[in-house]
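Asks: What follows is upload36.txt; its format and atoms are compact mmCIF, C-alpha atoms.
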```
# COMPACT_ATOMS: atom_id res chain seq x y z
CA MET O 26 7.73 7.93 31.00
CA SER O 27 5.94 6.66 34.10
CA GLN O 28 4.83 3.07 34.26
CA LYS O 29 1.20 4.14 34.30
CA SER O 30 1.45 6.12 31.07
CA ARG O 31 3.37 3.28 29.45
CA VAL O 32 0.45 0.98 30.21
CA ILE O 33 -2.02 3.53 28.82
CA ASN O 34 0.10 3.98 25.69
CA LEU O 35 0.26 0.25 25.18
CA TYR O 36 -3.52 0.02 25.47
CA LYS O 37 -4.00 2.84 22.95
CA THR O 38 -1.53 1.30 20.52
CA LEU O 39 -3.28 -2.05 20.72
CA LEU O 40 -6.70 -0.44 20.23
CA HIS O 41 -5.34 1.32 17.16
CA LEU O 42 -4.02 -1.96 15.77
CA GLY O 43 -7.30 -3.69 16.57
CA ARG O 44 -9.13 -1.65 13.96
CA GLU O 45 -7.62 -3.83 11.25
CA TYR O 46 -8.12 -7.12 13.08
CA PRO O 47 -9.50 -9.77 10.66
CA GLN O 48 -12.33 -10.76 13.02
CA GLY O 49 -13.36 -7.16 13.53
CA TYR O 50 -12.72 -4.34 15.94
CA ASP O 51 -15.40 -5.32 18.48
CA TYR O 52 -14.03 -8.83 18.78
CA PHE O 53 -10.56 -7.47 19.38
CA ARG O 54 -11.57 -4.70 21.76
CA THR O 55 -13.54 -6.89 24.17
CA ARG O 56 -10.68 -9.38 24.36
CA LEU O 57 -8.12 -6.64 24.80
CA LYS O 58 -10.07 -5.09 27.62
CA ARG O 59 -10.48 -8.48 29.29
CA ALA O 60 -6.73 -9.12 29.05
CA PHE O 61 -5.94 -5.80 30.71
CA SER O 62 -8.64 -6.13 33.42
CA LYS O 63 -7.36 -9.60 34.29
CA ASN O 64 -4.08 -8.04 35.45
CA LYS O 65 -5.43 -4.92 37.11
CA GLN O 66 -4.60 -6.27 40.59
CA VAL O 67 -0.90 -6.56 39.77
CA SER O 68 1.01 -3.96 41.78
CA ASP O 69 4.61 -5.21 41.76
CA PRO O 70 6.50 -2.83 39.36
CA LYS O 71 8.71 -5.69 38.14
CA LYS O 72 5.69 -7.81 37.24
CA ILE O 73 4.08 -4.84 35.50
CA ASP O 74 7.25 -4.40 33.44
CA ILE O 75 7.05 -8.02 32.34
CA LEU O 76 3.39 -7.54 31.37
CA ILE O 77 4.22 -4.38 29.38
CA ALA O 78 7.00 -6.25 27.58
CA HIS O 79 4.53 -8.99 26.75
CA GLY O 80 2.09 -6.35 25.43
CA ASN O 81 4.77 -4.87 23.20
CA TYR O 82 5.52 -8.35 21.92
CA VAL O 83 1.85 -8.71 20.97
CA VAL O 84 2.06 -5.36 19.13
CA LYS O 85 4.97 -6.68 17.03
CA GLU O 86 3.10 -9.93 16.38
CA LEU O 87 0.01 -8.06 15.17
CA GLU O 88 2.07 -5.85 12.85
CA ALA O 89 3.73 -8.96 11.43
CA LEU O 90 0.33 -10.64 11.05
CA TYR O 91 -1.09 -7.72 9.06
CA MET O 92 1.98 -7.47 6.88
CA LEU O 93 1.97 -11.18 6.07
CA ARG O 94 -1.75 -11.18 5.39
CA LYS O 95 -1.37 -8.33 2.89
CA TYR O 96 1.74 -9.86 1.30
CA ARG O 97 0.07 -13.26 0.87
CA THR O 98 -3.09 -11.76 -0.60
CA LEU O 99 -1.08 -9.77 -3.15
CA LYS O 100 1.11 -12.75 -3.95
CA ARG O 101 -1.94 -14.89 -4.58
CA ARG O 102 -3.57 -12.24 -6.74
CA TYR O 103 -0.64 -11.19 -8.87
CA TYR O 104 1.87 -14.02 -8.79
CA SER O 105 -0.42 -17.03 -9.06
CA ASP O 106 1.83 -19.03 -11.38
CA ASN O 107 4.54 -19.71 -8.79
CA MET A 22 21.07 12.42 -3.96
CA ALA A 23 18.99 15.22 -2.65
CA ARG A 24 15.34 14.56 -3.13
CA VAL A 25 13.10 11.58 -3.72
CA LEU A 26 9.57 11.92 -5.03
CA VAL A 27 7.14 9.11 -4.24
CA GLY A 28 3.74 8.67 -5.83
CA VAL A 29 0.95 7.29 -3.65
CA LYS A 30 -2.59 6.39 -4.61
CA ARG A 31 -5.66 6.02 -2.44
CA VAL A 32 -7.45 2.82 -3.43
CA ILE A 33 -10.15 0.56 -2.05
CA ASP A 34 -8.57 -1.54 0.71
CA TYR A 35 -7.14 -4.83 -0.49
CA ALA A 36 -9.29 -6.83 1.94
CA VAL A 37 -12.61 -5.32 0.79
CA LYS A 38 -14.94 -7.32 -1.43
CA ILE A 39 -15.45 -5.17 -4.54
CA ARG A 40 -19.02 -4.55 -5.66
CA VAL A 41 -20.13 -3.18 -9.04
CA LYS A 42 -22.82 -0.47 -9.11
CA PRO A 43 -26.18 -1.73 -10.45
CA ASP A 44 -25.98 0.64 -13.44
CA LYS A 45 -22.58 -0.88 -14.36
CA THR A 46 -20.81 2.48 -14.61
CA ALA A 47 -18.27 1.94 -11.84
CA VAL A 48 -17.56 0.08 -8.62
CA VAL A 49 -19.10 1.10 -5.30
CA THR A 50 -16.74 3.45 -3.42
CA ASP A 51 -19.10 5.23 -1.00
CA GLY A 52 -18.74 4.01 2.56
CA VAL A 53 -16.04 1.54 1.52
CA LYS A 54 -12.76 1.34 3.40
CA HIS A 55 -9.90 2.88 1.48
CA SER A 56 -6.18 2.73 2.14
CA MET A 57 -2.86 3.29 0.45
CA ASN A 58 -2.09 1.15 -2.58
CA PRO A 59 0.10 -1.68 -1.16
CA PHE A 60 2.71 -1.30 -3.92
CA ASP A 61 3.00 2.40 -3.05
CA GLU A 62 3.65 1.44 0.57
CA ILE A 63 6.62 -0.53 -0.71
CA ALA A 64 7.77 2.52 -2.69
CA ILE A 65 7.51 4.72 0.42
CA GLU A 66 9.40 2.17 2.51
CA GLU A 67 12.23 2.10 -0.02
CA ALA A 68 12.48 5.91 -0.02
CA VAL A 69 12.54 5.97 3.78
CA ARG A 70 15.28 3.34 3.81
CA LEU A 71 17.32 5.40 1.34
CA LYS A 72 16.98 8.33 3.71
CA GLU A 73 17.99 6.22 6.70
CA LYS A 74 21.11 5.18 4.77
CA LYS A 75 21.81 8.91 4.18
CA ILE A 76 21.51 8.38 0.43
CA ALA A 77 18.43 10.59 0.20
CA GLN A 78 17.98 13.86 2.05
CA GLU A 79 14.31 14.61 1.63
CA ILE A 80 11.26 12.57 0.65
CA VAL A 81 8.21 14.18 -0.91
CA ALA A 82 5.02 12.18 -1.39
CA VAL A 83 2.50 13.09 -4.10
CA SER A 84 -1.08 11.95 -4.34
CA CYS A 85 -3.58 12.81 -7.08
CA GLY A 86 -7.21 12.50 -6.11
CA PRO A 87 -10.13 13.83 -4.08
CA ALA A 88 -9.87 15.49 -0.65
CA GLN A 89 -9.63 12.09 1.10
CA SER A 90 -6.31 11.48 -0.63
CA GLN A 91 -4.84 13.63 2.12
CA GLU A 92 -5.45 10.74 4.54
CA THR A 93 -3.28 8.56 2.33
CA LEU A 94 -0.63 11.28 2.34
CA ARG A 95 -0.82 11.36 6.15
CA THR A 96 -0.11 7.64 6.24
CA ALA A 97 2.92 8.26 4.02
CA LEU A 98 4.05 11.07 6.35
CA ALA A 99 3.63 8.73 9.33
CA MET A 100 5.89 6.20 7.63
CA GLY A 101 8.69 8.75 7.42
CA VAL A 102 8.02 11.00 4.43
CA ASP A 103 8.99 14.65 5.06
CA ARG A 104 6.23 16.49 3.26
CA GLY A 105 3.28 15.91 0.99
CA ILE A 106 1.82 17.41 -2.16
CA HIS A 107 -1.87 16.87 -2.76
CA VAL A 108 -2.97 17.38 -6.36
CA GLU A 109 -6.68 17.82 -5.98
CA ILE A 110 -8.79 16.14 -8.65
CA SER A 111 -12.33 15.12 -7.81
CA GLY A 112 -15.72 14.28 -9.24
CA PRO A 113 -16.12 13.14 -12.85
CA GLU A 114 -12.62 14.38 -13.65
CA TYR A 115 -11.16 11.87 -11.18
CA ASP A 116 -13.34 9.05 -12.53
CA THR A 117 -11.68 9.27 -15.92
CA LEU A 118 -8.21 10.17 -14.68
CA GLN A 119 -5.65 8.03 -16.46
CA PRO A 120 -2.01 7.14 -15.81
CA ILE A 121 -1.00 9.55 -18.59
CA HIS A 122 -2.40 12.47 -16.58
CA VAL A 123 -0.71 11.30 -13.39
CA SER A 124 2.57 10.86 -15.27
CA LYS A 125 2.40 14.41 -16.58
CA ILE A 126 1.70 15.70 -13.07
CA LEU A 127 4.56 13.68 -11.59
CA ALA A 128 6.95 14.77 -14.35
CA LYS A 129 6.05 18.42 -13.81
CA LEU A 130 6.41 18.17 -10.02
CA ALA A 131 9.71 16.33 -10.39
CA GLN A 132 11.09 19.28 -12.31
CA GLU A 133 9.64 21.88 -9.97
CA GLU A 134 10.94 20.10 -6.88
CA LYS A 135 14.34 19.35 -8.45
CA THR A 136 13.95 15.64 -7.82
CA ASP A 137 16.73 13.10 -8.36
CA LEU A 138 14.66 9.97 -8.06
CA ILE A 139 11.00 9.09 -8.48
CA ILE A 140 9.73 5.88 -6.88
CA VAL A 141 6.19 4.64 -7.50
CA GLY A 142 4.44 1.33 -6.93
CA LYS A 143 4.49 -0.82 -10.08
CA GLN A 144 0.71 -0.69 -10.31
CA ALA A 145 -2.36 0.21 -8.29
CA ILE A 146 -4.57 -2.61 -7.09
CA ASP A 147 -7.73 -0.88 -8.38
CA ASP A 148 -7.11 -0.26 -12.09
CA ASP A 149 -3.94 -2.41 -12.44
CA SER A 150 -2.66 -0.15 -15.21
CA ASN A 151 1.08 -0.51 -14.60
CA GLN A 152 1.93 2.53 -16.76
CA THR A 153 2.73 5.50 -14.54
CA ALA A 154 6.44 4.80 -13.96
CA GLN A 155 7.11 4.02 -17.59
CA MET A 156 5.32 7.10 -18.95
CA THR A 157 6.81 9.43 -16.33
CA ALA A 158 10.30 8.27 -17.31
CA ALA A 159 9.47 8.81 -20.98
CA LEU A 160 8.06 12.30 -20.41
CA LEU A 161 11.17 13.34 -18.47
CA GLY A 162 13.62 11.50 -20.71
CA TRP A 163 15.00 9.71 -17.62
CA PRO A 164 16.09 6.07 -17.39
CA GLN A 165 13.70 3.65 -15.71
CA GLY A 166 14.07 0.64 -13.46
CA THR A 167 10.69 -1.05 -13.37
CA PHE A 168 9.59 -4.00 -11.18
CA ALA A 169 12.49 -3.38 -8.82
CA SER A 170 13.17 -6.05 -6.21
CA LYS A 171 16.49 -4.56 -5.04
CA ILE A 172 18.07 -1.12 -5.28
CA GLU A 173 21.71 -0.35 -4.53
CA LYS A 174 23.58 2.92 -4.91
CA GLN A 175 26.94 2.82 -6.67
CA ASN A 176 28.64 6.20 -7.02
CA ASP A 177 26.26 8.25 -9.16
CA GLU A 178 24.40 5.25 -10.43
CA LEU A 179 21.79 2.88 -9.14
CA GLN A 180 22.01 -0.85 -9.56
CA VAL A 181 18.48 -2.14 -9.85
CA THR A 182 17.48 -5.79 -9.76
CA ARG A 183 14.30 -6.27 -11.77
CA GLU A 184 11.72 -9.04 -11.57
CA ILE A 185 11.20 -10.39 -15.06
CA ASP A 186 9.48 -13.50 -16.41
CA GLY A 187 11.16 -16.53 -14.91
CA GLY A 188 14.06 -14.70 -13.27
CA LEU A 189 15.87 -11.52 -12.36
CA GLU A 190 17.61 -8.87 -14.43
CA THR A 191 20.19 -6.50 -12.98
CA ILE A 192 20.59 -3.13 -14.64
CA LYS A 193 22.58 0.01 -13.93
CA ILE A 194 20.88 3.36 -14.38
CA LYS A 195 22.13 6.92 -14.04
CA LEU A 196 20.36 9.47 -11.88
CA PRO A 197 17.93 11.14 -12.20
CA ALA A 198 15.75 8.08 -12.74
CA VAL A 199 12.31 6.55 -12.24
CA ILE A 200 11.81 3.32 -10.33
CA SER A 201 8.70 1.20 -9.85
CA ALA A 202 8.51 -1.06 -6.82
CA ASP A 203 7.67 -4.75 -7.04
CA LEU A 204 6.22 -6.82 -4.20
CA ARG A 205 9.52 -8.26 -2.99
CA LEU A 206 11.48 -4.99 -2.82
CA ASN A 207 11.00 -4.68 0.95
CA GLU A 208 8.60 -5.18 3.83
CA PRO A 209 6.83 -1.89 4.55
CA ARG A 210 6.78 -0.71 8.17
CA TYR A 211 3.55 -0.16 10.03
CA ALA A 212 2.53 3.46 10.64
CA THR A 213 2.53 3.52 14.47
CA LEU A 214 0.10 5.59 16.50
CA PRO A 215 2.70 8.11 17.80
CA ASN A 216 4.03 8.57 14.26
CA ILE A 217 0.52 9.19 12.94
CA MET A 218 0.15 11.91 15.58
CA LYS A 219 3.50 13.46 14.63
CA ALA A 220 2.59 13.31 10.94
CA LYS A 221 -0.28 15.73 11.57
CA LYS A 222 2.30 18.49 11.99
CA LYS A 223 4.07 17.78 8.72
CA PRO A 224 3.18 20.07 5.79
CA ILE A 225 0.90 19.10 2.90
CA LYS A 226 0.82 21.49 -0.04
CA LYS A 227 -2.34 21.57 -2.11
CA VAL A 228 -2.12 22.25 -5.84
CA SER A 229 -4.46 21.82 -8.76
CA PRO A 230 -3.58 20.25 -12.12
CA LYS A 231 -4.19 23.69 -13.64
CA ASP A 232 -1.43 25.18 -11.45
CA LEU A 233 0.91 22.63 -12.97
CA GLY A 234 -0.33 23.27 -16.52
CA VAL A 235 -1.62 19.72 -16.92
CA ASP A 236 -4.85 19.12 -18.82
CA THR A 237 -6.85 16.39 -17.07
CA ALA A 238 -9.62 16.23 -19.66
CA ALA A 239 -11.04 12.73 -20.11
CA ARG A 240 -9.37 10.59 -22.74
CA ILE A 241 -11.60 7.60 -22.25
CA GLU A 242 -15.26 6.93 -21.75
CA VAL A 243 -16.30 4.11 -19.45
CA LEU A 244 -18.82 2.00 -21.34
CA SER A 245 -19.42 -0.76 -18.83
CA VAL A 246 -17.98 -2.24 -15.65
CA GLU A 247 -18.74 -5.92 -15.11
CA ASP A 248 -18.21 -8.48 -12.38
CA PRO A 249 -15.85 -11.32 -13.24
CA PRO A 250 -17.78 -14.50 -14.20
CA THR A 251 -18.72 -16.51 -11.13
CA ARG A 252 -17.30 -19.99 -10.82
CA GLN A 253 -19.81 -22.72 -11.66
CA ALA A 254 -20.81 -25.02 -8.86
CA GLY A 255 -19.31 -28.50 -8.93
CA VAL A 256 -21.25 -31.77 -9.10
CA ILE A 257 -20.74 -35.02 -7.23
CA LEU A 258 -20.93 -38.09 -9.46
CA PRO A 259 -21.94 -41.53 -8.21
CA ASP A 260 -19.28 -43.60 -9.97
CA VAL A 261 -16.33 -43.63 -12.35
CA ASP A 262 -18.45 -44.47 -15.42
CA GLN A 263 -20.51 -41.31 -14.85
CA LEU A 264 -17.29 -39.35 -14.48
CA ILE A 265 -15.94 -40.64 -17.79
CA ILE A 266 -19.21 -39.78 -19.54
CA LYS A 267 -19.09 -36.27 -18.13
CA LEU A 268 -15.45 -35.80 -19.04
CA LYS A 269 -16.16 -36.92 -22.60
CA GLU A 270 -19.12 -34.55 -22.81
CA GLY A 271 -16.92 -31.69 -21.70
CA GLY A 272 -14.25 -32.64 -24.22
CA HIS A 273 -11.61 -33.14 -21.53
CA VAL A 274 -10.77 -36.68 -22.66
CA PRO A 275 -10.95 -38.13 -26.21
```
Let me see the file written as structure tokens.
Replies:
Amino acid sequence: MSQKSRVINLYKTLLHLGREYPQGYDYFRTRLKRAFSKNKQVSDPKKIDILIAHGNYVVKELEALYMLRKYRTLKRRYYSDN
Amino acid sequence: MARVLVGVKRVIDYAVKIRVKPDKTAVVTDGVKHSMNPFDEIAIEEAVRLKEKKIAQEIVAVSCGPAQSQETLRTALAMGVDRGIHVEISGPEYDTLQPIHVSKILAKLAQEEKTDLIIVGKQAIDDDSNQTAQMTAALLGWPQGTFASKIEKQNDELQVTREIDGGLETIKIKLPAVISADLRLNEPRYATLPNIMKAKKKPIKKVSPKDLGVDTAARIEVLSVEDPPTRQAGVILPDVDQLIIKLKEGGHVP
């Protein structure tokens, strides 16, 4: 996969994840776009790789955030005694 | 073990604030975000892990409900389920659908599909019935491992660790069997965007309860749906004497 399509895929994946963001999709989307635009001047392939890796790290963090949020809510609702 | 059947239910999303209709007949579902019952996600995850360990060969997900239940099935397919069966039940029939009906449908499908293991979530977060696994096992005459927090395969048997009051119970059950997933069984994976795309190509078979010979006639009548009582606002008291008076009034201290 070319570096360009990896960046596009990362953006799409993050947008998809943003739909469940606790503060809302719009909040997430504007910040996501800003984060990507901030680095649009970067042209060194090695630096782009580092940025993509950071993006994928954020993807994992978001997935973990959603999972924990759901787990904690259920735990509070159904296992209140412990 | 050849085939695992997993039951999934489409429910109002866990993060949505539930509102009761003004006429007190039901809760508001129109325009409300729905998603897969979280306990069913755990059931799916367990089935997918069994397949990854080569213990299971094929996973079939079943959902009973209106046309939108197919979206829930798609999520299951994106998590790694091989194919889906949508039992279409909608309108007033779905409003009074009970776990007994779902159990009959699951039992019938389990026989048709030659299933070795049924995994369902222990309960759905909308009606909190916690009956489907138990009744399905009874209808089929299969052993059951409910509230599972750990499942291990040993020869032809499953060793299931169950969450019980104040501790854990470990049981051994022969296959075929029915298992219901508890919260701590596993951590469900997230359905990624590429997997959601791939899931669109996986097959979903549509059947009706009539095809399966299951009567879904209403067994209950909903008389009233009420909001839980709202918590009373607290009061700030000026001093300890006032507090003692109030506590005595409320009967909290002699």
Asks: For each of A:Ala36, A:Met100, A:Thr157, A:Ser150, take the minimum atom-to-atom distance to Tyr91 (chain O), counting only C-alpha atoms, then give the residue where this is smallest.
Replies: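 Smallest distance to Tyr91 (chain O) is found for A:Ala36.
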Asks: Neighbours of region 118-132 of chain A within 6 Å (only C-alpha atoms; same-chain residues fewer than 4 positions away dropped), as JSON, numbers by chain?
Replies: {"A": [136, 153, 156, 157, 237]}
Asks: For chain O, which residues have at least one atom within 12 Å of chain A, if we go by all atoms listed in the file? Write them as a ChimeraX atom specification, please.
Replies: /O:34-47,84-104,106-107
Asks: Report as a list in words all protein, DNA and RNA residues lying within 7 Å of Ser111 (chain A), evaluated on all atoms listed in the file, omitting residues in the same chain fewer than 3 positions from it.
Replies: Gly86, Pro87, Glu114 and Tyr115 of chain A
Asks: Between CA of Lys174 (chain A) and CA of Val81 (chain A), what is the spacing in Å?
Replies: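 Taking CA of Val81 (chain A) and CA of Lys174 (chain A), their separation equals 19.5 Å.
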Asks: Taking the partial coordinates given, rebuild region 60-71 of chain O to contain all heavy atoms; return it as a PDB file, keeping the file's coordinate frame.
Replies:
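This is the output file out27.pdb:
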```
ATOM      1  N   ALA O  60      -8.128  -8.800  28.754  1.00  0.00           N
ATOM      2  CA  ALA O  60      -6.730  -9.120  29.050  1.00  0.00           C
ATOM      3  C   ALA O  60      -6.134  -8.096  30.014  1.00  0.00           C
ATOM      4  O   ALA O  60      -5.386  -8.455  30.931  1.00  0.00           O
ATOM      5  CB  ALA O  60      -5.923  -9.166  27.762  1.00  0.00           C
ATOM      6  N   PHE O  61      -6.487  -6.840  29.828  1.00  0.00           N
ATOM      7  CA  PHE O  61      -5.940  -5.800  30.710  1.00  0.00           C
ATOM      8  C   PHE O  61      -6.599  -5.875  32.093  1.00  0.00           C
ATOM      9  O   PHE O  61      -5.914  -5.735  33.107  1.00  0.00           O
ATOM     10  CB  PHE O  61      -6.117  -4.404  30.082  1.00  0.00           C
ATOM     11  CG  PHE O  61      -4.954  -3.992  29.231  1.00  0.00           C
ATOM     12  CD1 PHE O  61      -4.712  -4.619  28.022  1.00  0.00           C
ATOM     13  CD2 PHE O  61      -4.094  -2.983  29.640  1.00  0.00           C
ATOM     14  CE1 PHE O  61      -3.627  -4.241  27.223  1.00  0.00           C
ATOM     15  CE2 PHE O  61      -3.006  -2.606  28.852  1.00  0.00           C
ATOM     16  CZ  PHE O  61      -2.780  -3.234  27.635  1.00  0.00           C
ATOM     17  N   SER O  62      -7.927  -6.079  32.123  1.00  0.00           N
ATOM     18  CA  SER O  62      -8.640  -6.130  33.420  1.00  0.00           C
ATOM     19  C   SER O  62      -8.150  -7.303  34.265  1.00  0.00           C
ATOM     20  O   SER O  62      -8.104  -7.211  35.488  1.00  0.00           O
ATOM     21  CB  SER O  62     -10.137  -6.267  33.217  1.00  0.00           C
ATOM     22  OG  SER O  62     -10.551  -5.502  32.151  1.00  0.00           O
ATOM     23  N   LYS O  63      -7.804  -8.395  33.582  1.00  0.00           N
ATOM     24  CA  LYS O  63      -7.360  -9.600  34.290  1.00  0.00           C
ATOM     25  C   LYS O  63      -6.142  -9.284  35.169  1.00  0.00           C
ATOM     26  O   LYS O  63      -5.971  -9.859  36.237  1.00  0.00           O
ATOM     27  CB  LYS O  63      -6.998 -10.674  33.254  1.00  0.00           C
ATOM     28  CG  LYS O  63      -7.040 -12.084  33.811  1.00  0.00           C
ATOM     29  CD  LYS O  63      -6.691 -13.089  32.707  1.00  0.00           C
ATOM     30  CE  LYS O  63      -5.191 -13.082  32.422  1.00  0.00           C
ATOM     31  NZ  LYS O  63      -4.835 -13.911  31.262  1.00  0.00           N
ATOM     32  N   ASN O  64      -5.314  -8.343  34.734  1.00  0.00           N
ATOM     33  CA  ASN O  64      -4.080  -8.040  35.450  1.00  0.00           C
ATOM     34  C   ASN O  64      -4.151  -6.739  36.248  1.00  0.00           C
ATOM     35  O   ASN O  64      -3.124  -6.196  36.636  1.00  0.00           O
ATOM     36  CB  ASN O  64      -2.911  -7.962  34.469  1.00  0.00           C
ATOM     37  CG  ASN O  64      -2.588  -9.311  33.882  1.00  0.00           C
ATOM     38  OD1 ASN O  64      -2.516 -10.292  34.606  1.00  0.00           O
ATOM     39  ND2 ASN O  64      -2.443  -9.369  32.574  1.00  0.00           N
ATOM     40  N   LYS O  65      -5.357  -6.236  36.463  1.00  0.00           N
ATOM     41  CA  LYS O  65      -5.430  -4.920  37.110  1.00  0.00           C
ATOM     42  C   LYS O  65      -4.992  -4.952  38.572  1.00  0.00           C
ATOM     43  O   LYS O  65      -4.639  -3.925  39.137  1.00  0.00           O
ATOM     44  CB  LYS O  65      -6.828  -4.327  36.967  1.00  0.00           C
ATOM     45  CG  LYS O  65      -7.906  -5.010  37.760  1.00  0.00           C
ATOM     46  CD  LYS O  65      -9.214  -4.251  37.564  1.00  0.00           C
ATOM     47  CE  LYS O  65     -10.337  -4.970  38.295  1.00  0.00           C
ATOM     48  NZ  LYS O  65     -11.634  -4.372  38.021  1.00  0.00           N
ATOM     49  N   GLN O  66      -4.998  -6.158  39.184  1.00  0.00           N
ATOM     50  CA  GLN O  66      -4.600  -6.270  40.590  1.00  0.00           C
ATOM     51  C   GLN O  66      -3.084  -6.262  40.765  1.00  0.00           C
ATOM     52  O   GLN O  66      -2.595  -6.065  41.873  1.00  0.00           O
ATOM     53  CB  GLN O  66      -5.146  -7.569  41.205  1.00  0.00           C
ATOM     54  CG  GLN O  66      -6.629  -7.792  41.004  1.00  0.00           C
ATOM     55  CD  GLN O  66      -7.492  -6.725  41.659  1.00  0.00           C
ATOM     56  OE1 GLN O  66      -7.013  -5.958  42.485  1.00  0.00           O
ATOM     57  NE2 GLN O  66      -8.745  -6.637  41.264  1.00  0.00           N
ATOM     58  N   VAL O  67      -2.360  -6.478  39.666  1.00  0.00           N
ATOM     59  CA  VAL O  67      -0.900  -6.560  39.770  1.00  0.00           C
ATOM     60  C   VAL O  67      -0.335  -5.223  40.216  1.00  0.00           C
ATOM     61  O   VAL O  67      -0.648  -4.180  39.645  1.00  0.00           O
ATOM     62  CB  VAL O  67      -0.292  -6.973  38.413  1.00  0.00           C
ATOM     63  CG1 VAL O  67       1.221  -7.074  38.507  1.00  0.00           C
ATOM     64  CG2 VAL O  67      -0.887  -8.289  37.945  1.00  0.00           C
ATOM     65  N   SER O  68       0.474  -5.235  41.300  1.00  0.00           N
ATOM     66  CA  SER O  68       1.010  -3.960  41.780  1.00  0.00           C
ATOM     67  C   SER O  68       2.544  -3.957  41.846  1.00  0.00           C
ATOM     68  O   SER O  68       3.155  -2.902  41.956  1.00  0.00           O
ATOM     69  CB  SER O  68       0.444  -3.645  43.174  1.00  0.00           C
ATOM     70  OG  SER O  68       0.687  -4.742  44.019  1.00  0.00           O
ATOM     71  N   ASP O  69       3.154  -5.144  41.744  1.00  0.00           N
ATOM     72  CA  ASP O  69       4.610  -5.210  41.760  1.00  0.00           C
ATOM     73  C   ASP O  69       5.181  -4.598  40.472  1.00  0.00           C
ATOM     74  O   ASP O  69       4.904  -5.090  39.373  1.00  0.00           O
ATOM     75  CB  ASP O  69       5.015  -6.700  41.885  1.00  0.00           C
ATOM     76  CG  ASP O  69       6.528  -6.872  41.900  1.00  0.00           C
ATOM     77  OD1 ASP O  69       7.237  -5.847  41.851  1.00  0.00           O
ATOM     78  OD2 ASP O  69       6.989  -8.027  41.940  1.00  0.00           O
ATOM     79  N   PRO O  70       5.983  -3.503  40.563  1.00  0.00           N
ATOM     80  CA  PRO O  70       6.500  -2.830  39.360  1.00  0.00           C
ATOM     81  C   PRO O  70       7.242  -3.775  38.418  1.00  0.00           C
ATOM     82  O   PRO O  70       7.156  -3.652  37.195  1.00  0.00           O
ATOM     83  CB  PRO O  70       7.441  -1.769  39.903  1.00  0.00           C
ATOM     84  CG  PRO O  70       7.022  -1.551  41.314  1.00  0.00           C
ATOM     85  CD  PRO O  70       6.445  -2.841  41.789  1.00  0.00           C
ATOM     86  N   LYS O  71       7.955  -4.765  39.000  1.00  0.00           N
ATOM     87  CA  LYS O  71       8.710  -5.690  38.140  1.00  0.00           C
ATOM     88  C   LYS O  71       7.762  -6.548  37.311  1.00  0.00           C
ATOM     89  O   LYS O  71       7.992  -6.791  36.126  1.00  0.00           O
ATOM     90  CB  LYS O  71       9.581  -6.606  39.013  1.00  0.00           C
ATOM     91  CG  LYS O  71      10.938  -5.981  39.289  1.00  0.00           C
ATOM     92  CD  LYS O  71      11.823  -6.924  40.061  1.00  0.00           C
ATOM     93  CE  LYS O  71      13.011  -6.144  40.625  1.00  0.00           C
ATOM     94  NZ  LYS O  71      13.540  -6.782  41.833  1.00  0.00           N
TER      95      LYS O  71
END
```
